[in-house]
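A quick write-up on the structure given underneath.
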Amino acid sequence: MGSGAVWSELAPEWAAHWGGVAAPVHQRLIEATGTGPGTRVLDVGCGSGEFLAALSAAGAVVAGADPAPAMLDLARVRAPEADLRPAGFEDLPWSADSQDVVTAVNALQFADDTVDALTEAARVSRPGGLIAIANWAEGALSDLDAIEAALAAEAGEDPGPDGDLRVPGGLEEVLSEAGLSVREAGLVDVPWVVPDAVALVRGVLLGEDAAAQAAGTATVLEAARAFRTPDDGYRLVNRFRFAVGVVPA
């Protein structure tokens, strides 16, 4: 099953547990790119459309690409005015110079080749346009990493190193490799607040079958004890890195 089909299957539950989590990143990218009324913005890997809705609220003329049809269906509800098309990073079905800003939040890592993906993003951008990308920061900066590490240990696995896009300077490096000059980069706090243990487990173990979720519940809850709130919910503070590149004029 291709990635589009996988994410289509997960779309409703992903949107329920994770769709709004990156809202602080969305607002930071709107500020960093100067997006406002009339700005043409394409969000690649738009998922269930939360960023599209925020961009639209800022007055942007929005478009979105995602390879998962069910994600696009959800995005149409949140951003009915958006130009939505089924596509991934590698072949964006928009003409050259058609966008002022291209964004991608927690999406670039799914591209077959990140430099080629950014080159394609630059193609659809106007000269001097902006490419804004954001991804989870390194695990050491996110509370969620404690749970992921516990699950890995329970399975007898090594959590492994952070990916290239998560480490300091990683986003800036890939933008530079794609021929873009870096205008700004930074960190954004991204709290994940869930109402109860059931929501926590289902969010962390999203995509796992019922048996796997049952087997992992105790490990997740034990690892998350430090993040429990007085109302029996959970609050985990995580971080995203972002960077904004400028398309050559």
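Ligands are numbered from 1 in the order shown, residues from 1 within each chain, and chains are lettered A, B, ... in the order they appear in the structure tokens.
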
Item to complete: Determine which residues of segment 95-181 of chain A receive a DSSP assignment of strand (DSSP E), computed from the backbone, and state them as a list in words.
Response: Gln99, Asp100, Val101, Val102, Thr103, Ala104, Val105, Ser125, Arg126, Pro127, Gly128, Gly129, Leu130, Ile131, Ala132, Ile133, Ala134, Asn135, Trp136 and Ser181 of chain A

Could you give me, as JSON lines, a per-residue list for segment 82-119 of chain A showing, wherever an atom lies at most 10 Å from an atom of segment 26-44 of chain A, the closest pair of atoms and their distance in Å to one decimal, using only C-alpha atoms and sorting by chain then residue number from low to high?
{"residue": "A:Ala82", "atom": "CA", "partner": "A:Leu42", "partner_atom": "CA", "distance": 9.4}
{"residue": "A:Asp83", "atom": "CA", "partner": "A:Leu42", "partner_atom": "CA", "distance": 8.8}
{"residue": "A:Leu84", "atom": "CA", "partner": "A:Leu42", "partner_atom": "CA", "distance": 9.3}
{"residue": "A:Arg85", "atom": "CA", "partner": "A:Val44", "partner_atom": "CA", "distance": 9.9}
{"residue": "A:Ala87", "atom": "CA", "partner": "A:Val44", "partner_atom": "CA", "distance": 8.3}
{"residue": "A:Gly88", "atom": "CA", "partner": "A:Val44", "partner_atom": "CA", "distance": 7.1}
{"residue": "A:Phe89", "atom": "CA", "partner": "A:Val44", "partner_atom": "CA", "distance": 6.7}
{"residue": "A:Leu92", "atom": "CA", "partner": "A:Val44", "partner_atom": "CA", "distance": 8.6}
{"residue": "A:Trp94", "atom": "CA", "partner": "A:Leu42", "partner_atom": "CA", "distance": 9.4}
{"residue": "A:Ser98", "atom": "CA", "partner": "A:Arg40", "partner_atom": "CA", "distance": 7.7}
{"residue": "A:Gln99", "atom": "CA", "partner": "A:Arg40", "partner_atom": "CA", "distance": 5.1}
{"residue": "A:Asp100", "atom": "CA", "partner": "A:Arg40", "partner_atom": "CA", "distance": 5.0}
{"residue": "A:Val101", "atom": "CA", "partner": "A:Val41", "partner_atom": "CA", "distance": 4.7}
{"residue": "A:Val102", "atom": "CA", "partner": "A:Leu42", "partner_atom": "CA", "distance": 4.8}
{"residue": "A:Thr103", "atom": "CA", "partner": "A:Asp43", "partner_atom": "CA", "distance": 4.7}
{"residue": "A:Ala104", "atom": "CA", "partner": "A:Val44", "partner_atom": "CA", "distance": 5.1}
{"residue": "A:Val105", "atom": "CA", "partner": "A:Val44", "partner_atom": "CA", "distance": 7.9}
{"residue": "A:Asn106", "atom": "CA", "partner": "A:Val44", "partner_atom": "CA", "distance": 9.8}
{"residue": "A:Ala107", "atom": "CA", "partner": "A:Val44", "partner_atom": "CA", "distance": 7.3}
{"residue": "A:Leu108", "atom": "CA", "partner": "A:Val44", "partner_atom": "CA", "distance": 8.5}

Practice prompt. Point out the residue among A:Asp196, A:Glu154, A:Asp112, A:Glu90 with the least atom-to-atom distance to Val124 of chain A, counting only C-alpha atoms.
Written response: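 Looking at the shortest contact to Val124 of chain A, the residue is A:Glu90.
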
Discussion item. Would you pick out the contacts of Val201 of chain A at 10 Å or less, using only C-alpha atoms, so that residues sharing its chain but fewer than 4 positions from it are not included, and give the list as a list in words?
Written reply: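 Contacts, in chain order: Val194, Asp196, Ala197, Leu205, Leu206, Gln213, Ala214, Gly216, Thr217, Ala218, Thr219, Val220, Leu221 and Ala224 of chain A.
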
Store the residues of this selection in a file with C-alpha atoms, as a short mmCIF file (atom, residue, chain, number, x, y, z; two decimals), in the first residue's frame.
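As a result, out-v3.cif now contains:
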data_model
loop_
_atom_site.label_atom_id
_atom_site.label_comp_id
_atom_site.auth_asym_id
_atom_site.auth_seq_id
_atom_site.Cartn_x
_atom_site.Cartn_y
_atom_site.Cartn_z
CA VAL A 194 -4.42 15.40 25.60
CA ASP A 196 -6.87 11.50 29.18
CA ALA A 197 -4.86 8.29 29.05
CA LEU A 205 0.45 4.42 18.95
CA LEU A 206 -1.39 5.80 15.95
CA GLN A 213 -2.01 -0.69 21.36
CA ALA A 214 -3.04 -2.94 24.23
CA GLY A 216 2.04 -0.83 24.56
CA THR A 217 -0.39 0.90 26.89
CA ALA A 218 1.44 0.23 30.15
CA THR A 219 4.77 1.37 28.71
CA VAL A 220 3.28 4.58 27.33
CA LEU A 221 1.49 5.47 30.58
CA ALA A 224 4.26 9.69 30.54
#

Worksheet entry | Residue with smallest distance to Asp189 of chain A - pool A:Asn238, A:Cys46, A:Ala63, A:Leu130, counting only C-alpha atoms |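 Going through A:Asn238, A:Cys46, A:Ala63, A:Leu130 one by one, the smallest distance to Asp189 of chain A is for A:Asn238.
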
Discussion item. Give me, as a list in words, all polymer residues having an atom no more than 10 Å from Pro12 of chain A, counting only C-alpha atoms and skipping those fewer than 3 positions away in the same chain.
Written reply: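 Counting only the stated atoms, we get Trp7, Ser8, Glu9, Ala15, Ala16, His17, Gly19, Ser48, Ala70, Met71 and Leu74 of chain A.
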
Discussion item. Between A:Val25, A:Val188, A:Val115, A:Val193, which residue has the minimum interatomic distance to Leu165 of chain A, considering only C-alpha atoms?
Written reply: A:Val115

Discussion item. One number please: atom CA of Ser125 of chain A to atom CA of Glu184 of chain A, in Å, one decimal.
Written reply: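 Result for atom CA of Ser125 of chain A versus atom CA of Glu184 of chain A: 17.8 Å, one decimal.
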
From a DSSP calculation on the backbone, collect every residue of segment 5-203 of chain A in helix (DSSP H, G or I) and output the set as a PDB file with C-alpha atoms, in the first residue's frame.
ATOM      1  CA  ALA A   5      -3.211   5.037   0.866  1.00  0.00           C
ATOM      2  CA  VAL A   6      -1.614   4.571   4.295  1.00  0.00           C
ATOM      3  CA  TRP A   7      -2.213   8.184   5.290  1.00  0.00           C
ATOM      4  CA  SER A   8      -5.727   8.087   3.881  1.00  0.00           C
ATOM      5  CA  GLU A   9      -6.508   5.184   6.165  1.00  0.00           C
ATOM      6  CA  LEU A  10      -5.116   7.069   9.151  1.00  0.00           C
ATOM      7  CA  ALA A  11      -6.502  10.489   8.204  1.00  0.00           C
ATOM      8  CA  PRO A  12      -9.498  10.836  10.579  1.00  0.00           C
ATOM      9  CA  GLU A  13      -7.632   9.618  13.644  1.00  0.00           C
ATOM     10  CA  TRP A  14      -4.474  11.544  12.779  1.00  0.00           C
ATOM     11  CA  ALA A  15      -6.503  14.734  12.422  1.00  0.00           C
ATOM     12  CA  ALA A  16      -8.227  14.121  15.759  1.00  0.00           C
ATOM     13  CA  HIS A  17      -5.013  13.541  17.719  1.00  0.00           C
ATOM     14  CA  TRP A  18      -2.356  15.520  15.854  1.00  0.00           C
ATOM     15  CA  ALA A  23      -0.545  25.488  15.317  1.00  0.00           C
ATOM     16  CA  PRO A  24       2.306  27.447  16.999  1.00  0.00           C
ATOM     17  CA  VAL A  25       4.558  26.516  14.069  1.00  0.00           C
ATOM     18  CA  HIS A  26       1.914  27.613  11.583  1.00  0.00           C
ATOM     19  CA  GLN A  27       1.673  31.037  13.189  1.00  0.00           C
ATOM     20  CA  ARG A  28       5.457  31.402  13.342  1.00  0.00           C
ATOM     21  CA  LEU A  29       5.784  30.611   9.633  1.00  0.00           C
ATOM     22  CA  ILE A  30       3.044  33.092   8.761  1.00  0.00           C
ATOM     23  CA  GLU A  31       5.047  35.744  10.636  1.00  0.00           C
ATOM     24  CA  ALA A  32       8.416  34.685   9.233  1.00  0.00           C
ATOM     25  CA  THR A  33       7.192  34.795   5.629  1.00  0.00           C
ATOM     26  CA  GLU A  50      -5.203  23.122   9.641  1.00  0.00           C
ATOM     27  CA  PHE A  51      -2.352  25.241   8.250  1.00  0.00           C
ATOM     28  CA  LEU A  52      -4.399  26.067   5.155  1.00  0.00           C
ATOM     29  CA  ALA A  53      -7.163  27.386   7.399  1.00  0.00           C
ATOM     30  CA  ALA A  54      -4.689  29.568   9.328  1.00  0.00           C
ATOM     31  CA  LEU A  55      -3.173  30.888   6.092  1.00  0.00           C
ATOM     32  CA  SER A  56      -6.621  31.666   4.732  1.00  0.00           C
ATOM     33  CA  ALA A  57      -7.506  33.494   7.944  1.00  0.00           C
ATOM     34  CA  PRO A  69      -7.085  11.603  -0.869  1.00  0.00           C
ATOM     35  CA  ALA A  70      -8.731  11.296   2.546  1.00  0.00           C
ATOM     36  CA  MET A  71      -6.470  14.022   3.918  1.00  0.00           C
ATOM     37  CA  LEU A  72      -7.539  16.285   1.075  1.00  0.00           C
ATOM     38  CA  ASP A  73     -11.178  15.536   1.860  1.00  0.00           C
ATOM     39  CA  LEU A  74     -10.633  16.786   5.410  1.00  0.00           C
ATOM     40  CA  ALA A  75      -8.689  19.796   4.150  1.00  0.00           C
ATOM     41  CA  ARG A  76     -11.604  20.798   1.904  1.00  0.00           C
ATOM     42  CA  VAL A  77     -13.783  21.101   4.986  1.00  0.00           C
ATOM     43  CA  ARG A  78     -11.287  23.290   6.855  1.00  0.00           C
ATOM     44  CA  LEU A 108       9.873  17.127   3.712  1.00  0.00           C
ATOM     45  CA  GLN A 109      11.184  13.912   5.266  1.00  0.00           C
ATOM     46  CA  PHE A 110       8.708  11.910   3.183  1.00  0.00           C
ATOM     47  CA  THR A 114      14.913  16.318  -0.121  1.00  0.00           C
ATOM     48  CA  VAL A 115      17.052  18.497  -2.384  1.00  0.00           C
ATOM     49  CA  ASP A 116      15.036  17.538  -5.464  1.00  0.00           C
ATOM     50  CA  ALA A 117      11.856  18.263  -3.485  1.00  0.00           C
ATOM     51  CA  LEU A 118      13.020  21.756  -2.567  1.00  0.00           C
ATOM     52  CA  THR A 119      14.154  22.366  -6.137  1.00  0.00           C
ATOM     53  CA  GLU A 120      10.612  21.543  -7.261  1.00  0.00           C
ATOM     54  CA  ALA A 121       9.198  23.852  -4.591  1.00  0.00           C
ATOM     55  CA  ALA A 122      11.471  26.613  -5.879  1.00  0.00           C
ATOM     56  CA  ARG A 123      10.269  25.988  -9.438  1.00  0.00           C
ATOM     57  CA  VAL A 124       6.681  26.847  -8.583  1.00  0.00           C
ATOM     58  CA  GLY A 139      14.442  14.134  20.424  1.00  0.00           C
ATOM     59  CA  ALA A 140      16.326  15.620  23.373  1.00  0.00           C
ATOM     60  CA  LEU A 141      14.226  18.792  23.046  1.00  0.00           C
ATOM     61  CA  LEU A 144       7.539  12.906  23.513  1.00  0.00           C
ATOM     62  CA  ASP A 145      11.001  11.405  23.103  1.00  0.00           C
ATOM     63  CA  ALA A 146      10.795   9.888  26.598  1.00  0.00           C
ATOM     64  CA  ILE A 147       7.789   7.835  25.526  1.00  0.00           C
ATOM     65  CA  GLU A 148       9.323   6.861  22.188  1.00  0.00           C
ATOM     66  CA  ALA A 149      12.521   5.763  23.968  1.00  0.00           C
ATOM     67  CA  ALA A 150      10.555   3.663  26.452  1.00  0.00           C
ATOM     68  CA  LEU A 151       8.676   1.920  23.648  1.00  0.00           C
ATOM     69  CA  ALA A 152      11.933   1.215  21.831  1.00  0.00           C
ATOM     70  CA  ALA A 153      13.513  -0.200  24.985  1.00  0.00           C
ATOM     71  CA  GLU A 154      10.460  -2.400  25.617  1.00  0.00           C
ATOM     72  CA  GLY A 170      19.849  20.462   9.253  1.00  0.00           C
ATOM     73  CA  LEU A 171      17.067  22.471   7.658  1.00  0.00           C
ATOM     74  CA  GLU A 172      19.430  25.296   6.781  1.00  0.00           C
ATOM     75  CA  GLU A 173      21.827  22.833   5.166  1.00  0.00           C
ATOM     76  CA  VAL A 174      19.227  21.241   2.900  1.00  0.00           C
ATOM     77  CA  LEU A 175      17.917  24.657   1.839  1.00  0.00           C
ATOM     78  CA  SER A 176      21.451  25.695   0.939  1.00  0.00           C
ATOM     79  CA  GLU A 177      22.022  22.463  -0.969  1.00  0.00           C
ATOM     80  CA  ALA A 197      -4.858   8.285  29.048  1.00  0.00           C
ATOM     81  CA  VAL A 198      -6.936   6.805  26.235  1.00  0.00           C
ATOM     82  CA  ALA A 199      -6.220   9.747  23.952  1.00  0.00           C
ATOM     83  CA  LEU A 200      -2.535   9.657  24.871  1.00  0.00           C
ATOM     84  CA  VAL A 201      -2.138   5.992  23.988  1.00  0.00           C
ATOM     85  CA  ARG A 202      -4.112   6.283  20.769  1.00  0.00           C
ATOM     86  CA  GLY A 203      -2.091   9.298  19.685  1.00  0.00           C
TER      87      GLY A 203
END

Practice prompt. For each of A:Ala79, A:Ala210, A:Ala185, A:Ala226, take the minimum atom-to-atom distance to Ala134 of chain A, counting only C-alpha atoms, then give the residue where this is smallest.
Written response: A:Ala185

Discussion item. Residues within 6 Å of Pro127 of chain A, please, as JSON, numbers by chain. Count only C-alpha atoms; anything in the same chain fewer than 2 positions from it doesn't count.
Written reply: {"A": [129, 247, 248, 249]}

How would the residues just picked look written out with N, CA and C atoms as a PDB file, in the first residue's frame?
ATOM      1  N   GLY A 129      10.839  34.475  -4.090  1.00  0.00           N
ATOM      2  CA  GLY A 129       9.840  33.892  -3.202  1.00  0.00           C
ATOM      3  C   GLY A 129      10.485  33.141  -2.053  1.00  0.00           C
ATOM      4  N   VAL A 247      14.221  32.020  -2.712  1.00  0.00           N
ATOM      5  CA  VAL A 247      14.448  31.532  -4.069  1.00  0.00           C
ATOM      6  C   VAL A 247      15.279  32.566  -4.824  1.00  0.00           C
ATOM      7  N   PRO A 248      16.321  32.132  -5.539  1.00  0.00           N
ATOM      8  CA  PRO A 248      17.135  33.114  -6.272  1.00  0.00           C
ATOM      9  C   PRO A 248      16.302  33.958  -7.235  1.00  0.00           C
ATOM     10  N   ALA A 249      16.626  35.219  -7.324  1.00  0.00           N
ATOM     11  CA  ALA A 249      15.895  36.130  -8.219  1.00  0.00           C
ATOM     12  C   ALA A 249      16.317  35.896  -9.668  1.00  0.00           C
TER      13      ALA A 249
END

Practice prompt. Enter the distance from atom CA of Phe242 of chain A to atom CA of Gly169 of chain A, in Å, rounded to one decimal.
Written response: 9.8 Å

Practice prompt. Counting only C-alpha atoms, figure out which residue out of A:Gly186, A:Gly59, A:Gly20, A:Gly179 gets nearest to Gly245 of chain A.
Written response: A:Gly179

Item to complete: Would you work out the distance separating atom CA of Gly47 of chain A from atom CA of Pro80 of chain A, expressed in Å to one decimal?
Response: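 Between atom CA of Gly47 of chain A and atom CA of Pro80 of chain A the gap is 14.0 Å.
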
Fill in: Selected residue, from A:Arg126, A:Ala223, A:Glu138, A:Asp158, that lies nearest to Ala96 of chain A when counting only C-alpha atoms
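Using only C-alpha atoms, the shortest distance to Ala96 of chain A belongs to A:Arg126.
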